[in-house]
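Following: one structure in structure tokens, then a few remarks.
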Amino acid sequence: MELSQLEAFERVAREGSFTRAADALGLTQPAVSTRVSTLESELNGSLFDRSGRQLVLSPLGERFLPYAQRMLAVMTESLNMVRNFHSNRLGEIRMAAPTPLLLSFLMETLAAFRSAHPTIDVLIRERNKTAIYDLLLDHTLTLGFVNGPVFDKRFHHLATFRDPILPVVGAKHPLAALGRSVAIEEIYTYTIYRVSMFPHMTAFMDDLVEHARMGSGGAVIALPMVMARELVMTGEGVTFLPQSYIKQPIERGLLTPLSIDNMPELYSEPILIAAKSRKLDAVHTLFCEILVKSWRHLLVKTVV
């Protein structure tokens, strides 16, 4: 049994296709098929049911897949250990998150981690949710930080946070000077930047911006969070953003949160995840603990 055979099997199981697995591995489709067939011969049984229109795992394949994933994870971890040994490193944090979580949760966490562990290397990548899943399953990275929900059962939920969505304006905006709660109708005369990263927020925002079209000249302005935050800080418009994402601008006096009468409770659900096929090492466990400690006021559940 060779690691290349295990790698081919795991990738085919993940992609549900020999062709897509070959593309991902940079191999030809016959080469991947040969590796899987050779592995099946050694195991004395089929790993896939090839009789239907879709490629699915056989009963043997379902039972063997977790072991193959663990063997691949051990290989990755052992190679990382050897590299760290030769370069005199104590370890390395390897994780990814989308931009808003990088600029909120991870900025503060990284500062605290670097203060406590200045000799540990850190690699943090900016990626979307789908790419993060792939990087974790490939064992290229160890931690992912994504917006929930996460239904994929291949991942551990290491920590779940509840991050309130707040209406905000620039510190010099007319609504910032009122010093009272405002009725929802009072914001309709201003441009509202539609931000909808979270499923349960979509209906609320769609209704809101339709009522507020005239405040933005008749148009709906839908923007990524990073643009909405920057535009509102210049004093223009109103938007709705996670508390973690506007914490520093509020502390610096650049943004002012609003209290809106009868506004429904809105929140995002950032989740720290890791592949079940890979056990966390001591270095990543330390990083998780600091992240949880830094944002304990938003913590809902943790297993680290």
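Going through the structure tokens in order, the chains are called A, B, and so on, while each chain numbers its residues from 1 and the ligands are numbered from 1 in the order shown.
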Contact residues around A:Leu280 with only C-alpha atoms at 8 Å, ignoring same-chain residues under 3 positions, as a PyMOL selection string: chain A and resi 142+284-285
Got a sec to tell me which of stretch 123-242 of chain A DSSP assigns to helix (DSSP H, G or I), as a short mmCIF file (atom, residue, chain, number, x, y, z; two decimals) with N, CA and C atoms, in the first residue's frame?
```
data_model
loop_
_atom_site.label_atom_id
_atom_site.label_comp_id
_atom_site.auth_asym_id
_atom_site.auth_seq_id
_atom_site.Cartn_x
_atom_site.Cartn_y
_atom_site.Cartn_z
N LYS A 129 -15.10 30.44 1.66
CA LYS A 129 -15.49 29.26 2.44
C LYS A 129 -15.18 27.95 1.70
N THR A 130 -15.52 27.87 0.43
CA THR A 130 -15.30 26.65 -0.33
C THR A 130 -13.81 26.32 -0.43
N ALA A 131 -13.00 27.33 -0.70
CA ALA A 131 -11.56 27.11 -0.79
C ALA A 131 -10.98 26.66 0.54
N ILE A 132 -11.50 27.20 1.64
CA ILE A 132 -11.02 26.82 2.96
C ILE A 132 -11.31 25.35 3.23
N TYR A 133 -12.51 24.89 2.86
CA TYR A 133 -12.84 23.47 3.02
C TYR A 133 -11.79 22.61 2.31
N ASP A 134 -11.48 22.95 1.06
CA ASP A 134 -10.53 22.15 0.28
C ASP A 134 -9.13 22.16 0.92
N LEU A 135 -8.70 23.33 1.38
CA LEU A 135 -7.37 23.42 1.98
C LEU A 135 -7.26 22.61 3.27
N LEU A 136 -8.35 22.56 4.03
CA LEU A 136 -8.34 21.75 5.26
C LEU A 136 -8.33 20.26 4.93
N LEU A 137 -9.12 19.86 3.96
CA LEU A 137 -9.19 18.45 3.60
C LEU A 137 -7.91 17.97 2.94
N PRO A 174 -25.81 62.82 10.32
CA PRO A 174 -26.89 63.46 11.10
C PRO A 174 -27.56 62.54 12.13
N LEU A 175 -27.69 61.26 11.81
CA LEU A 175 -28.33 60.34 12.76
C LEU A 175 -27.46 60.09 13.99
N ALA A 176 -26.14 60.28 13.85
CA ALA A 176 -25.24 60.03 14.97
C ALA A 176 -25.41 61.07 16.08
N ALA A 177 -25.92 62.23 15.75
CA ALA A 177 -26.03 63.32 16.72
C ALA A 177 -27.36 63.33 17.46
N ILE A 184 -37.38 53.01 12.21
CA ILE A 184 -36.80 52.46 10.99
C ILE A 184 -37.03 53.39 9.80
N GLU A 185 -38.17 54.11 9.80
CA GLU A 185 -38.48 55.01 8.68
C GLU A 185 -37.50 56.18 8.59
N GLU A 186 -36.85 56.52 9.70
CA GLU A 186 -35.94 57.66 9.69
C GLU A 186 -34.68 57.41 8.89
N ILE A 187 -34.33 56.15 8.68
CA ILE A 187 -33.10 55.89 7.92
C ILE A 187 -33.38 55.77 6.42
N PRO A 199 -27.27 34.26 5.72
CA PRO A 199 -28.57 33.86 5.15
C PRO A 199 -29.77 34.50 5.83
N HIS A 200 -29.79 34.53 7.18
CA HIS A 200 -30.97 35.05 7.87
C HIS A 200 -31.07 36.57 7.79
N MET A 201 -30.03 37.23 7.26
CA MET A 201 -30.03 38.68 7.15
C MET A 201 -30.61 39.14 5.81
N THR A 202 -30.66 38.25 4.84
CA THR A 202 -31.01 38.63 3.48
C THR A 202 -32.40 39.23 3.37
N ALA A 203 -33.41 38.56 3.93
CA ALA A 203 -34.78 39.05 3.81
C ALA A 203 -34.94 40.43 4.44
N PHE A 204 -34.33 40.62 5.60
CA PHE A 204 -34.42 41.92 6.28
C PHE A 204 -33.81 43.02 5.42
N MET A 205 -32.61 42.76 4.89
CA MET A 205 -31.92 43.77 4.10
C MET A 205 -32.65 44.06 2.78
N ASP A 206 -33.19 43.02 2.15
CA ASP A 206 -33.91 43.23 0.89
C ASP A 206 -35.11 44.15 1.11
N ASP A 207 -35.85 43.91 2.17
CA ASP A 207 -37.01 44.75 2.47
C ASP A 207 -36.59 46.18 2.80
N LEU A 208 -35.50 46.29 3.55
CA LEU A 208 -35.02 47.60 3.98
C LEU A 208 -34.61 48.47 2.80
N VAL A 209 -33.80 47.93 1.91
CA VAL A 209 -33.28 48.75 0.81
C VAL A 209 -34.37 49.08 -0.20
N GLU A 210 -35.40 48.23 -0.33
CA GLU A 210 -36.50 48.57 -1.22
C GLU A 210 -37.26 49.79 -0.71
N HIS A 211 -37.46 49.87 0.62
CA HIS A 211 -38.11 51.04 1.20
C HIS A 211 -37.23 52.29 1.10
N ARG A 213 -35.02 53.12 -1.34
CA ARG A 213 -34.49 53.42 -2.68
C ARG A 213 -34.30 54.92 -2.92
N MET A 214 -35.29 55.72 -2.50
CA MET A 214 -35.22 57.15 -2.78
C MET A 214 -34.06 57.82 -2.06
N GLY A 215 -33.67 57.26 -0.93
CA GLY A 215 -32.55 57.84 -0.20
C GLY A 215 -31.23 57.65 -0.92
N SER A 216 -31.18 56.70 -1.85
CA SER A 216 -29.95 56.49 -2.62
C SER A 216 -30.19 56.81 -4.10
N MET A 225 -18.71 43.81 2.55
CA MET A 225 -18.61 44.44 3.87
C MET A 225 -17.48 45.45 3.95
N VAL A 226 -16.34 45.13 3.35
CA VAL A 226 -15.18 46.00 3.48
C VAL A 226 -15.45 47.36 2.81
N MET A 227 -16.18 47.37 1.69
CA MET A 227 -16.51 48.64 1.03
C MET A 227 -17.54 49.41 1.83
N ALA A 228 -18.57 48.70 2.33
CA ALA A 228 -19.62 49.37 3.09
C ALA A 228 -19.04 50.06 4.33
N ARG A 229 -18.13 49.37 5.01
CA ARG A 229 -17.54 49.97 6.21
C ARG A 229 -16.75 51.22 5.86
N GLU A 230 -15.96 51.16 4.83
CA GLU A 230 -15.13 52.31 4.46
C GLU A 230 -15.98 53.50 4.02
N LEU A 231 -17.04 53.24 3.25
CA LEU A 231 -17.89 54.33 2.79
C LEU A 231 -18.64 54.99 3.94
N VAL A 232 -19.15 54.18 4.86
CA VAL A 232 -19.87 54.75 6.00
C VAL A 232 -18.93 55.56 6.89
N MET A 233 -17.69 55.15 7.00
CA MET A 233 -16.73 55.90 7.83
C MET A 233 -16.45 57.28 7.25
#
```
Distance criterion (only C-alpha atoms): nearest to A:Ser78 out of A:Ala24, A:Pro224, A:Asp281, A:His156: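 The shortest atom-to-atom distance to A:Ser78 comes from A:Asp281.
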Backbone-only DSSP, strand (DSSP E) members of stretch 57-283 of chain A, as a PyMOL selection string: chain A and resi 57+92-97+121-126+143-147+155-161+163-170+192-194+221-222+238-242+255-257+267-268+270-275
Could the residues in this selection be written to a file with N, CA and C atoms, as a compact mmCIF listing (two decimals), in the first residue's frame?
```txt
# COMPACT_ATOMS: atom_id res chain seq x y z
N LEU A 57 -19.11 5.60 -2.72
CA LEU A 57 -18.29 4.67 -1.95
C LEU A 57 -19.04 3.36 -1.71
N GLU A 92 4.30 25.98 13.38
CA GLU A 92 3.73 26.99 12.48
C GLU A 92 2.21 26.93 12.52
N ILE A 93 1.58 28.10 12.64
CA ILE A 93 0.13 28.21 12.53
C ILE A 93 -0.21 28.32 11.05
N ARG A 94 -1.13 27.46 10.60
CA ARG A 94 -1.55 27.48 9.19
C ARG A 94 -3.08 27.51 9.15
N MET A 95 -3.62 28.64 8.72
CA MET A 95 -5.07 28.76 8.72
C MET A 95 -5.54 29.73 7.64
N ALA A 96 -6.85 29.79 7.43
CA ALA A 96 -7.42 30.70 6.43
C ALA A 96 -8.77 31.20 6.91
N ALA A 97 -9.15 32.38 6.39
CA ALA A 97 -10.44 32.99 6.73
C ALA A 97 -10.79 33.98 5.63
N ASP A 121 6.03 30.49 13.86
CA ASP A 121 5.69 31.03 12.54
C ASP A 121 4.17 31.04 12.36
N VAL A 122 3.71 31.96 11.53
CA VAL A 122 2.27 32.09 11.27
C VAL A 122 2.05 32.24 9.77
N LEU A 123 1.15 31.43 9.22
CA LEU A 123 0.71 31.56 7.83
C LEU A 123 -0.80 31.66 7.83
N ILE A 124 -1.33 32.83 7.49
CA ILE A 124 -2.77 33.04 7.43
C ILE A 124 -3.11 33.48 6.01
N ARG A 125 -4.03 32.75 5.39
CA ARG A 125 -4.42 33.05 4.02
C ARG A 125 -5.85 33.62 3.97
N GLU A 126 -6.08 34.44 2.99
CA GLU A 126 -7.41 34.99 2.73
C GLU A 126 -8.08 34.12 1.67
N LEU A 143 -6.37 25.07 10.35
CA LEU A 143 -7.54 25.74 10.90
C LEU A 143 -8.24 26.57 9.83
N GLY A 144 -9.56 26.61 9.93
CA GLY A 144 -10.35 27.49 9.08
C GLY A 144 -11.31 28.27 9.95
N PHE A 145 -11.56 29.51 9.57
CA PHE A 145 -12.50 30.36 10.31
C PHE A 145 -13.50 30.88 9.30
N VAL A 146 -14.74 30.43 9.37
CA VAL A 146 -15.73 30.73 8.34
C VAL A 146 -17.05 31.16 8.99
N ASN A 147 -17.90 31.78 8.19
CA ASN A 147 -19.23 32.11 8.66
C ASN A 147 -20.13 30.89 8.54
N PHE A 155 -15.88 18.10 9.31
CA PHE A 155 -15.16 19.11 10.09
C PHE A 155 -15.63 19.14 11.54
N HIS A 156 -14.65 19.34 12.44
CA HIS A 156 -14.95 19.62 13.84
C HIS A 156 -15.30 21.10 13.98
N HIS A 157 -16.29 21.40 14.80
CA HIS A 157 -16.57 22.78 15.19
C HIS A 157 -15.82 23.05 16.49
N LEU A 158 -14.68 23.72 16.39
CA LEU A 158 -13.83 23.94 17.55
C LEU A 158 -14.36 25.05 18.44
N ALA A 159 -14.93 26.07 17.83
CA ALA A 159 -15.51 27.19 18.59
C ALA A 159 -16.54 27.89 17.71
N THR A 160 -17.68 28.21 18.31
CA THR A 160 -18.76 28.91 17.61
C THR A 160 -19.06 30.22 18.33
N PHE A 161 -19.16 31.29 17.55
CA PHE A 161 -19.39 32.62 18.12
C PHE A 161 -20.73 33.17 17.60
N ASP A 163 -22.15 36.80 16.74
CA ASP A 163 -21.66 38.16 16.53
C ASP A 163 -22.83 39.06 16.11
N PRO A 164 -23.35 39.91 16.99
CA PRO A 164 -24.52 40.74 16.66
C PRO A 164 -24.26 41.66 15.47
N ILE A 165 -25.27 41.81 14.63
CA ILE A 165 -25.22 42.74 13.51
C ILE A 165 -25.79 44.08 13.99
N LEU A 166 -25.01 45.14 13.84
CA LEU A 166 -25.42 46.45 14.33
C LEU A 166 -25.58 47.45 13.19
N PRO A 167 -26.60 48.33 13.26
CA PRO A 167 -26.69 49.44 12.30
C PRO A 167 -25.68 50.51 12.70
N VAL A 168 -24.93 51.03 11.72
CA VAL A 168 -23.91 52.03 12.04
C VAL A 168 -23.92 53.15 11.00
N VAL A 169 -23.48 54.31 11.45
CA VAL A 169 -23.27 55.47 10.59
C VAL A 169 -21.92 56.08 10.94
N GLY A 170 -21.44 56.96 10.07
CA GLY A 170 -20.22 57.70 10.38
C GLY A 170 -20.45 58.63 11.55
N ILE A 192 -28.64 53.41 1.98
CA ILE A 192 -28.38 52.22 2.80
C ILE A 192 -27.56 51.25 1.98
N TYR A 193 -26.40 50.90 2.49
CA TYR A 193 -25.54 49.94 1.80
C TYR A 193 -25.96 48.54 2.20
N ARG A 194 -26.39 47.78 1.21
CA ARG A 194 -26.89 46.42 1.45
C ARG A 194 -25.71 45.45 1.58
N ILE A 221 -27.89 49.78 -3.50
CA ILE A 221 -26.42 49.75 -3.43
C ILE A 221 -26.00 48.52 -2.63
N ALA A 222 -25.60 47.47 -3.33
CA ALA A 222 -25.18 46.23 -2.67
C ALA A 222 -23.66 46.13 -2.76
N VAL A 238 -25.84 54.55 5.61
CA VAL A 238 -26.07 53.67 6.76
C VAL A 238 -25.78 52.25 6.30
N THR A 239 -25.25 51.44 7.19
CA THR A 239 -25.09 50.03 6.86
C THR A 239 -25.24 49.20 8.11
N PHE A 240 -25.21 47.89 7.95
CA PHE A 240 -25.38 46.94 9.05
C PHE A 240 -24.22 45.96 9.01
N LEU A 241 -23.43 45.92 10.09
CA LEU A 241 -22.20 45.14 10.11
C LEU A 241 -22.05 44.39 11.44
N PRO A 242 -21.28 43.28 11.43
CA PRO A 242 -21.05 42.54 12.67
C PRO A 242 -20.29 43.39 13.70
N LEU A 255 -17.03 55.49 13.78
CA LEU A 255 -18.37 54.99 13.52
C LEU A 255 -19.22 55.13 14.78
N THR A 256 -20.52 55.27 14.58
CA THR A 256 -21.46 55.36 15.70
C THR A 256 -22.56 54.33 15.50
N PRO A 257 -22.75 53.41 16.45
CA PRO A 257 -23.86 52.45 16.32
C PRO A 257 -25.19 53.13 16.58
N TYR A 267 -27.57 38.44 13.58
CA TYR A 267 -26.22 38.08 14.02
C TYR A 267 -25.56 37.20 12.97
N SER A 268 -24.24 37.20 12.95
CA SER A 268 -23.48 36.24 12.17
C SER A 268 -22.98 35.16 13.12
N PRO A 270 -19.65 33.11 13.23
CA PRO A 270 -18.33 32.62 12.84
C PRO A 270 -18.00 31.30 13.56
N ILE A 271 -17.44 30.37 12.81
CA ILE A 271 -17.13 29.05 13.36
C ILE A 271 -15.67 28.71 13.04
N LEU A 272 -14.93 28.34 14.06
CA LEU A 272 -13.56 27.86 13.90
C LEU A 272 -13.62 26.36 13.65
N ILE A 273 -13.06 25.91 12.52
CA ILE A 273 -13.19 24.51 12.14
C ILE A 273 -11.83 23.88 11.83
N ALA A 274 -11.81 22.56 11.89
CA ALA A 274 -10.65 21.77 11.50
C ALA A 274 -11.15 20.44 10.96
N ALA A 275 -10.38 19.83 10.08
CA ALA A 275 -10.78 18.54 9.52
C ALA A 275 -10.73 17.46 10.60
```
Pick from A:Ala73, A:Leu60, A:Leu110, A:Val36, whichever lies nearest to A:Lys276 using only C-alpha atoms: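 Once distances to A:Lys276 are computed over only C-alpha atoms, the minimum belongs to A:Ala73.
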Nearest candidate to A:Thr189 (options A:Glu236, A:Leu39, A:Gly61, A:Pro149; using only C-alpha atoms): A:Glu236
So that each row is one residue of stretch 54-102 of chain A with an atom at most 7 Å from stretch 3-10 of chain A, can you give its shortest atom pair and the distance in Å to one decimal, using only C-alpha atoms, rows by chain and rising number, as a tab-separated table?
```
residue	atom	partner	partner_atom	distance
A:Leu65	CA	A:Glu10	CA	6.8
A:Ala68	CA	A:Leu6	CA	5.8
A:Gln69	CA	A:Glu10	CA	6.9
```
Two-atom distance - atom CA of A:Thr38, atom CA of A:Arg154 (Å):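 These atoms are spaced 26.0 Å apart.
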Of the listed residues A:Leu291, A:Val283, A:Val182, A:Ala219, that which approaches A:Asp261 most closely, counting only C-alpha atoms: A:Val182
Selection near A:Leu103, 10 Å with only C-alpha atoms, sequence-local residues under 4 positions removed, as a ChimeraX atom specification: /A:97-99,107-108,226,244-246,248
Residue subset to file, keeping N, CA and C atoms, as a short mmCIF file (atom, residue, chain, number, x, y, z; two decimals), in the first residue's frame:
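Result went into again-v5.cif, see below:
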```cif
data_model
loop_
_atom_site.label_atom_id
_atom_site.label_comp_id
_atom_site.auth_asym_id
_atom_site.auth_seq_id
_atom_site.Cartn_x
_atom_site.Cartn_y
_atom_site.Cartn_z
N ALA A 97 -9.15 32.38 6.39
CA ALA A 97 -10.44 32.99 6.73
C ALA A 97 -10.79 33.98 5.63
N PRO A 98 -12.08 34.32 5.47
CA PRO A 98 -12.46 35.39 4.54
C PRO A 98 -12.08 36.76 5.11
N THR A 99 -12.06 37.76 4.25
CA THR A 99 -11.57 39.10 4.63
C THR A 99 -12.19 39.67 5.90
N MET A 107 -7.28 39.82 13.71
CA MET A 107 -6.32 40.89 14.00
C MET A 107 -5.98 40.92 15.49
N GLU A 108 -7.00 40.91 16.31
CA GLU A 108 -6.79 40.97 17.75
C GLU A 108 -6.16 39.67 18.27
N VAL A 226 -16.34 45.13 3.35
CA VAL A 226 -15.18 46.00 3.48
C VAL A 226 -15.45 47.36 2.81
N SER A 244 -17.98 42.63 15.79
CA SER A 244 -16.53 42.43 15.79
C SER A 244 -15.84 43.25 14.71
N TYR A 245 -16.54 43.44 13.59
CA TYR A 245 -15.96 44.10 12.43
C TYR A 245 -15.90 45.62 12.59
N ILE A 246 -16.72 46.16 13.48
CA ILE A 246 -16.74 47.61 13.67
C ILE A 246 -16.25 48.01 15.06
N GLN A 248 -13.15 48.30 16.39
CA GLN A 248 -12.08 49.29 16.41
C GLN A 248 -12.51 50.66 15.87
#
```
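Counting only C-alpha atoms, the residue from A:Arg162, A:Lys172, A:His117, A:Lys247 that sits nearest to A:Ile290 is A:His117.
Residue nearest A:Ala171, chosen from A:Thr234, A:Thr140, A:Thr119, A:Thr191 and counting only C-alpha atoms: A:Thr234.
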Atom pair atom CA of A:Arg180 / atom CA of A:Leu258: separation (Å): 8.4 Å
Atomic distance atom CA of A:Ile250 - atom CA of A:Leu101, expressed in Å with one decimal: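 Rounded to one decimal, the two atoms are 16.9 Å apart.
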